$ cat final-v1.pdb   # PDB, C-alpha atoms and all ligand atoms
MODEL        1
ATOM      1  CA  MET A1226     146.205 -64.176-170.067
ATOM      2  CA  LYS A1227     148.643 -66.959-170.700
ATOM      3  CA  LEU A1228     150.398 -67.506-174.036
ATOM      4  CA  TYR A1229     151.297 -71.103-174.871
ATOM      5  CA  TYR A1230     154.329 -70.954-177.149
ATOM      6  CA  SER A1231     157.216 -72.859-178.622
ATOM      7  CA  PRO A1232     160.544 -71.013-178.973
ATOM      8  CA  GLY A1233     160.863 -69.279-182.357
ATOM      9  CA  ALA A1234     157.528 -70.645-183.616
ATOM     10  CA  CYS A1235     154.754 -68.448-185.024
ATOM     11  CA  SER A1236     153.645 -67.868-181.412
ATOM     12  CA  LEU A1237     156.597 -65.436-181.259
ATOM     13  CA  ALA A1238     154.358 -62.955-183.148
ATOM     14  CA  ASP A1239     151.786 -63.074-180.335
ATOM     15  CA  HIS A1240     154.537 -62.855-177.721
ATOM     16  CA  ILE A1241     155.884 -59.656-179.316
ATOM     17  CA  ALA A1242     152.370 -58.204-179.615
ATOM     18  CA  LEU A1243     151.639 -58.959-175.956
ATOM     19  CA  ILE A1244     154.809 -57.151-174.862
ATOM     20  CA  GLU A1245     154.004 -54.212-177.162
ATOM     21  CA  SER A1246     150.458 -54.060-175.740
ATOM     22  CA  GLY A1247     151.599 -53.459-172.168
ATOM     23  CA  LEU A1248     148.855 -55.856-170.975
ATOM     24  CA  PRO A1249     149.681 -58.279-168.132
ATOM     25  CA  PHE A1250     150.332 -61.833-169.342
ATOM     26  CA  GLU A1251     152.242 -65.008-168.550
ATOM     27  CA  THR A1252     153.797 -67.548-170.884
ATOM     28  CA  GLU A1253     154.141 -71.303-170.810
ATOM     29  CA  LYS A1254     156.411 -73.277-173.108
ATOM     30  CA  VAL A1255     154.967 -76.247-175.006
ATOM     31  CA  ASP A1256     156.873 -79.334-176.088
ATOM     32  CA  LEU A1257     155.202 -79.825-179.472
ATOM     33  CA  LYS A1258     156.497 -83.370-179.939
ATOM     34  CA  ALA A1259     155.364 -84.576-176.521
ATOM     35  CA  LYS A1260     152.252 -82.324-176.618
ATOM     36  CA  ALA A1261     153.008 -81.371-173.035
ATOM     37  CA  THR A1262     153.432 -78.020-171.334
ATOM     38  CA  GLU A1263     156.386 -77.016-169.204
ATOM     39  CA  SER A1264     154.312 -77.647-166.085
ATOM     40  CA  ASP A1265     153.611 -81.164-167.393
ATOM     41  CA  LYS A1266     150.010 -80.688-168.473
ATOM     42  CA  SER A1267     148.595 -82.330-171.574
ATOM     43  CA  TYR A1268     148.680 -79.626-174.228
ATOM     44  CA  THR A1269     145.897 -81.221-176.254
ATOM     45  CA  ASP A1270     143.649 -80.875-173.199
ATOM     46  CA  ILE A1271     144.311 -77.117-173.407
ATOM     47  CA  ASN A1272     144.264 -76.819-177.206
ATOM     48  CA  PRO A1273     142.871 -79.891-178.997
ATOM     49  CA  LYS A1274     144.465 -78.625-182.223
ATOM     50  CA  GLY A1275     147.827 -79.522-180.675
ATOM     51  CA  TYR A1276     149.721 -76.596-182.179
ATOM     52  CA  VAL A1277     150.836 -73.224-180.871
ATOM     53  CA  PRO A1278     149.838 -70.491-180.297
ATOM     54  CA  ALA A1279     146.990 -70.731-177.813
ATOM     55  CA  LEU A1280     145.975 -67.944-175.485
ATOM     56  CA  GLY A1281     144.482 -68.847-172.124
ATOM     57  CA  LEU A1282     141.936 -66.141-171.289
ATOM     58  CA  ASP A1283     141.123 -64.671-167.895
ATOM     59  CA  ASP A1284     137.607 -66.223-167.971
ATOM     60  CA  GLY A1285     139.057 -69.723-168.460
ATOM     61  CA  GLY A1286     138.486 -69.861-172.219
ATOM     62  CA  VAL A1287     141.182 -70.598-174.754
ATOM     63  CA  LEU A1288     141.639 -68.700-178.023
ATOM     64  CA  THR A1289     143.590 -70.240-180.918
ATOM     65  CA  GLU A1290     144.817 -69.168-184.384
ATOM     66  CA  ASN A1291     147.336 -66.385-184.865
ATOM     67  CA  ILE A1292     144.977 -64.012-186.657
ATOM     68  CA  ALA A1293     142.385 -64.299-183.875
ATOM     69  CA  ILE A1294     144.931 -64.028-181.050
ATOM     70  CA  LEU A1295     146.741 -61.044-182.566
ATOM     71  CA  SER A1296     143.404 -59.299-183.194
ATOM     72  CA  TYR A1297     142.272 -60.032-179.627
ATOM     73  CA  ILE A1298     145.485 -58.575-178.165
ATOM     74  CA  ALA A1299     145.099 -55.406-180.268
ATOM     75  CA  ASP A1300     141.441 -55.115-179.288
ATOM     76  CA  ARG A1301     142.192 -55.527-175.575
ATOM     77  CA  ALA A1302     145.082 -53.070-175.803
ATOM     78  CA  GLY A1303     143.171 -50.481-177.847
ATOM     79  CA  GLN A1304     146.266 -50.110-180.005
ATOM     80  CA  LEU A1305     148.507 -52.044-182.440
ATOM     81  CA  VAL A1306     146.043 -51.642-185.325
ATOM     82  CA  PRO A1307     145.339 -48.581-187.451
ATOM     83  CA  THR A1308     141.848 -47.110-187.146
ATOM     84  CA  GLY A1309     139.316 -45.428-189.383
ATOM     85  CA  GLY A1310     138.112 -45.972-192.927
ATOM     86  CA  MET A1311     139.216 -49.282-194.370
ATOM     87  CA  ALA A1312     141.993 -49.787-191.751
ATOM     88  CA  LYS A1313     140.337 -52.752-190.017
ATOM     89  CA  PHE A1314     139.952 -54.586-193.317
ATOM     90  CA  ARG A1315     143.453 -53.677-194.521
ATOM     91  CA  THR A1316     144.743 -55.208-191.271
ATOM     92  CA  LEU A1317     142.785 -58.413-191.883
ATOM     93  CA  GLU A1318     143.985 -58.445-195.484
ATOM     94  CA  ALA A1319     147.637 -58.236-194.357
ATOM     95  CA  LEU A1320     147.203 -60.861-191.608
ATOM     96  CA  ALA A1321     145.461 -63.268-193.986
ATOM     97  CA  TYR A1322     148.219 -62.873-196.586
ATOM     98  CA  ILE A1323     150.945 -63.461-193.989
ATOM     99  CA  SER A1324     149.106 -66.493-192.602
ATOM    100  CA  SER A1325     148.031 -68.233-195.773
ATOM    101  CA  GLU A1326     150.634 -67.151-198.318
ATOM    102  CA  LEU A1327     153.796 -66.825-196.186
ATOM    103  CA  HIS A1328     153.348 -68.869-192.990
ATOM    104  CA  LYS A1329     151.939 -71.906-194.803
ATOM    105  CA  GLY A1330     154.560 -71.498-197.518
ATOM    106  CA  PHE A1331     157.252 -72.526-195.009
ATOM    107  CA  LYS A1332     155.694 -75.955-194.513
ATOM    108  CA  PRO A1333     158.425 -77.937-196.353
ATOM    109  CA  PHE A1334     161.013 -76.456-193.994
ATOM    110  CA  PHE A1335     159.158 -77.884-190.986
ATOM    111  CA  THR A1336     158.267 -81.236-192.556
ATOM    112  CA  PRO A1337     160.999 -83.819-191.887
ATOM    113  CA  ASP A1338     160.390 -85.854-195.070
ATOM    114  CA  ALA A1339     160.059 -82.856-197.461
ATOM    115  CA  SER A1340     162.264 -83.271-200.540
ATOM    116  CA  ASP A1341     164.933 -80.804-201.689
ATOM    117  CA  ASP A1342     162.699 -80.097-204.684
ATOM    118  CA  ASP A1343     159.759 -79.209-202.391
ATOM    119  CA  LYS A1344     162.055 -76.873-200.458
ATOM    120  CA  ALA A1345     163.438 -75.238-203.617
ATOM    121  CA  LYS A1346     159.897 -74.616-204.937
ATOM    122  CA  ALA A1347     158.791 -73.236-201.574
ATOM    123  CA  LYS A1348     161.815 -70.957-201.451
ATOM    124  CA  ASP A1349     161.006 -69.495-204.895
ATOM    125  CA  ALA A1350     157.349 -68.982-203.997
ATOM    126  CA  LEU A1351     158.235 -67.337-200.681
ATOM    127  CA  GLY A1352     160.709 -65.009-202.387
ATOM    128  CA  GLU A1353     157.934 -63.837-204.730
ATOM    129  CA  ARG A1354     155.412 -63.440-201.941
ATOM    130  CA  PHE A1355     157.803 -61.445-199.767
ATOM    131  CA  SER A1356     158.453 -59.089-202.690
ATOM    132  CA  LEU A1357     154.946 -57.653-202.297
ATOM    133  CA  PHE A1358     156.037 -56.150-198.977
ATOM    134  CA  GLU A1359     159.170 -54.775-200.603
ATOM    135  CA  GLU A1360     156.857 -52.494-202.610
ATOM    136  CA  VAL A1361     154.735 -51.619-199.570
ATOM    137  CA  LEU A1362     157.828 -50.658-197.575
ATOM    138  CA  ALA A1363     159.000 -48.273-200.310
ATOM    139  CA  GLY A1364     156.683 -45.610-198.923
ATOM    140  CA  GLN A1365     156.336 -46.440-195.231
ATOM    141  CA  ASN A1366     158.203 -47.979-192.286
ATOM    142  CA  PHE A1367     155.673 -50.659-191.331
ATOM    143  CA  VAL A1368     153.184 -52.941-193.096
ATOM    144  CA  LEU A1369     150.164 -50.695-192.502
ATOM    145  CA  GLY A1370     151.737 -47.268-192.350
ATOM    146  CA  ASN A1371     154.242 -45.611-190.085
ATOM    147  CA  SER A1372     153.186 -47.196-186.784
ATOM    148  CA  PHE A1373     153.931 -50.681-185.504
ATOM    149  CA  THR A1374     150.930 -53.063-185.686
ATOM    150  CA  ILE A1375     150.152 -56.746-185.151
ATOM    151  CA  ALA A1376     150.865 -57.341-188.870
ATOM    152  CA  ASP A1377     154.475 -56.289-188.249
ATOM    153  CA  SER A1378     155.013 -58.790-185.443
ATOM    154  CA  TYR A1379     153.690 -61.590-187.692
ATOM    155  CA  LEU A1380     155.756 -60.498-190.714
ATOM    156  CA  PHE A1381     158.823 -60.278-188.475
ATOM    157  CA  VAL A1382     158.514 -63.982-187.583
ATOM    158  CA  MET A1383     158.229 -64.899-191.270
ATOM    159  CA  LEU A1384     161.435 -62.974-191.981
ATOM    160  CA  PHE A1385     163.104 -64.577-188.972
ATOM    161  CA  TRP A1386     162.324 -67.987-190.491
ATOM    162  CA  ALA A1387     163.396 -66.813-193.961
ATOM    163  CA  LYS A1388     166.786 -65.880-192.564
ATOM    164  CA  THR A1389     167.348 -68.610-189.979
ATOM    165  CA  LYS A1390     165.509 -71.681-191.280
ATOM    166  CA  ALA A1391     164.917 -71.484-195.013
ATOM    167  CA  ASP A1392     167.664 -69.273-196.440
ATOM    168  CA  VAL A1393     165.114 -67.341-198.501
ATOM    169  CA  PRO A1394     166.740 -64.252-200.059
ATOM    170  CA  VAL A1395     165.300 -61.167-198.367
ATOM    171  CA  PRO A1396     165.412 -57.943-200.406
ATOM    172  CA  ALA A1397     166.791 -54.642-199.110
ATOM    173  CA  ARG A1398     163.744 -52.824-197.693
ATOM    174  CA  LEU A1399     162.500 -55.960-195.976
ATOM    175  CA  THR A1400     165.956 -56.508-194.509
ATOM    176  CA  ALA A1401     165.895 -52.919-193.214
ATOM    177  CA  PHE A1402     162.421 -53.602-191.751
ATOM    178  CA  TYR A1403     163.741 -56.792-190.105
ATOM    179  CA  ASP A1404     166.699 -54.906-188.626
ATOM    180  CA  ARG A1405     164.355 -52.165-187.359
ATOM    181  CA  LEU A1406     162.203 -54.765-185.630
ATOM    182  CA  MET A1407     165.238 -56.596-184.253
ATOM    183  CA  ALA A1408     166.209 -53.329-182.578
ATOM    184  CA  ARG A1409     162.816 -52.932-180.819
ATOM    185  CA  ASP A1410     162.760 -53.640-177.086
ATOM    186  CA  SER A1411     159.663 -55.857-177.431
ATOM    187  CA  VAL A1412     161.296 -58.090-180.045
ATOM    188  CA  ARG A1413     164.554 -58.365-178.117
ATOM    189  CA  LYS A1414     162.656 -59.210-174.937
ATOM    190  CA  ALA A1415     160.434 -61.833-176.610
ATOM    191  CA  LEU A1416     163.456 -63.510-178.219
ATOM    192  CA  ALA A1417     165.396 -63.465-174.936
ATOM    193  CA  ASP A1418     162.394 -64.794-172.961
ATOM    194  CA  GLU A1419     162.085 -67.660-175.458
ATOM    195  CA  GLY A1420     165.788 -68.429-175.076
ATOM    196  CA  ILE A1421     166.722 -67.369-178.614
ATOM    197  CA  SER A1422     169.985 -65.488-178.968
TER     198      SER A1422
HETATM  199  N1  LIG A1501     146.579 -72.182-188.215
HETATM  200  C1  LIG A1501     147.491 -72.015-187.094
HETATM  201  C2  LIG A1501     148.832 -72.653-187.442
HETATM  202  C3  LIG A1501     149.765 -72.623-186.268
HETATM  203  C4  LIG A1501     151.059 -73.370-186.566
HETATM  204  O1  LIG A1501     151.416 -73.602-187.747
HETATM  205  N2  LIG A1501     151.788 -73.733-185.494
HETATM  206  C5  LIG A1501     153.032 -74.463-185.613
HETATM  207  C6  LIG A1501     154.210 -73.636-185.103
HETATM  208  S1  LIG A1501     154.473 -72.207-186.090
HETATM  209  C7  LIG A1501     152.977 -75.705-184.712
HETATM  210  O2  LIG A1501     152.625 -75.600-183.555
HETATM  211  N3  LIG A1501     153.316 -76.866-185.282
HETATM  212  C8  LIG A1501     153.420 -78.081-184.532
HETATM  213  C9  LIG A1501     152.348 -79.070-184.834
HETATM  214  O3  LIG A1501     151.479 -78.782-185.692
HETATM  215  O4  LIG A1501     152.376 -80.132-184.221
HETATM  216  C10 LIG A1501     147.625 -70.545-186.730
HETATM  217  O5  LIG A1501     147.649 -69.709-187.648
HETATM  218  O6  LIG A1501     147.703 -70.215-185.539
ENDMDL
END
$ encode --input "final-v1.pdb" --output "structure tokens"
Amino acid sequence: MKLYYSPGACSLADHIALIESGLPFETEKVDLKAKATESDKSYTDINPKGYVPALGLDDGGVLTENIAILSYIADRAGQLVPTGGMAKFRTLEALAYISSELHKGFKPFFTPDASDDDKAKAKDALGERFSLFEEVLAGQNFVLGNSFTIADSYLFVMLFWAKTKADVPVPARLTAFYDRLMARDSVRKALADEGIS
């Protein structure tokens, strides 16, 4: 498998999950402006959507979209998701919320011509949306219980952006969660491999 990524982008969630999975994989950096990979291939030939992440599969196929890639990694690894009862659907519920309510909420911070007003509104909305996890983390260490899952790697990246790109206030339990993830070997390795100190 090969993960196409951009340093500190949402592809960091897949990078962390791949390291946690113990599965063999390679990475290749993408220049999102030039739409070119580090080895000078056209990125849109690999992923016509033009954005990261994309996962090159062993059979030559390419899988895109964070929710699909994270789910594929967990499926291949036979871990990183809770099992039994409603667990599969609770995982999808968490991933969908992170993708559509948090990830997309950062858009003004990645849009060069976004106004200060757009950013202020986005910051307020993100603060409210993060607060849902503050309640979840009152009774458990991770998003879906007391074990690390793919939802945690995705939420970690959202908190990383909240702290480093958007200055969104992060409440206490989420900050403790962020610090816990920052201390994990997988997270430290993914950040170091992407050249982020
Ligand atoms: N729907 C996609 C969105 C991915 C996405 O937003 N990628 C951003 C980085 S976090 C990107 O590559 N933006 C550059 C671009 O769109 O040109 C997913 O969930 O995987």
$ atom_distance --input "final-v1.pdb" --atom1 "atom CA of A:Ala1261" --atom2 "atom CA of A:Leu1237"
18.3 Å
$ closest_atom_pairs --input "final-v1.pdb" --of "chain A" --to "ligand LIG 1501 (chain A)" --cutoff "8 Å" --atoms "only C-alpha atoms and all ligand atoms" --output "tab-separated table"
residue	atom	partner	partner_atom	distance
A:Ser1231	CA	A:LIG1501	C6	7.2
A:Gly1233	CA	A:LIG1501	S1	8.0
A:Ala1234	CA	A:LIG1501	S1	4.2
A:Cys1235	CA	A:LIG1501	S1	3.9
A:Ser1236	CA	A:LIG1501	S1	6.4
A:Leu1257	CA	A:LIG1501	O4	5.5
A:Lys1258	CA	A:LIG1501	O4	6.8
A:Lys1260	CA	A:LIG1501	O4	7.9
A:Lys1274	CA	A:LIG1501	O3	7.8
A:Gly1275	CA	A:LIG1501	O4	5.8
A:Tyr1276	CA	A:LIG1501	O2	3.4
A:Val1277	CA	A:LIG1501	O2	4.0
A:Pro1278	CA	A:LIG1501	O6	5.7
A:Ala1279	CA	A:LIG1501	O6	7.8
A:Thr1289	CA	A:LIG1501	O6	6.2
A:Glu1290	CA	A:LIG1501	O6	3.3
A:Asn1291	CA	A:LIG1501	O6	3.9
A:Ile1292	CA	A:LIG1501	O5	6.4
A:Ser1324	CA	A:LIG1501	O5	6.1
A:His1328	CA	A:LIG1501	O1	7.3
A:Lys1329	CA	A:LIG1501	O1	7.3
$ atom_distance --input "final-v1.pdb" --atom1 "atom CA of A:Ser1264" --atom2 "atom CA of A:Met1383"
28.5 Å
$ closest_residue --input "final-v1.pdb" --among "A:Val1255, A:Ala1345, A:Ala1397, A:Leu1406" --to "A:Lys1332" --atoms "all atoms listed in the file"
A:Ala1345
$ resolve_selection --input "final-v1.pdb" --expression "the PyMOL selection byres (((chain A and resi 1349) around 12) and not hetatm)" --output "PyMOL selection string"
chain A and resi 1327+1330-1331+1342-1348+1350-1356+1387+1391-1395
$ closest_residue --input "final-v1.pdb" --among "A:Met1226, A:Ile1294, A:Ile1323, A:Ile1244" --to "A:Leu1282" --atoms "all atoms listed in the file"
A:Met1226
$ closest_residue --input "final-v1.pdb" --among "A:Pro1337, A:Phe1381, A:Ser1325, A:Ala1319" --to "A:Val1361" --atoms "all atoms listed in the file"
A:Ala1319
$ closest_residue --input "final-v1.pdb" --among "A:Phe1358, A:Trp1386, A:Tyr1297, A:Phe1367" --to "A:Phe1334" --atoms "all atoms listed in the file"
A:Trp1386
$ closest_residue --input "final-v1.pdb" --among "A:Ala1259, A:Arg1398, A:Tyr1230, A:Asp1404" --to "A:Gln1365" --atoms "all atoms listed in the file"
A:Arg1398
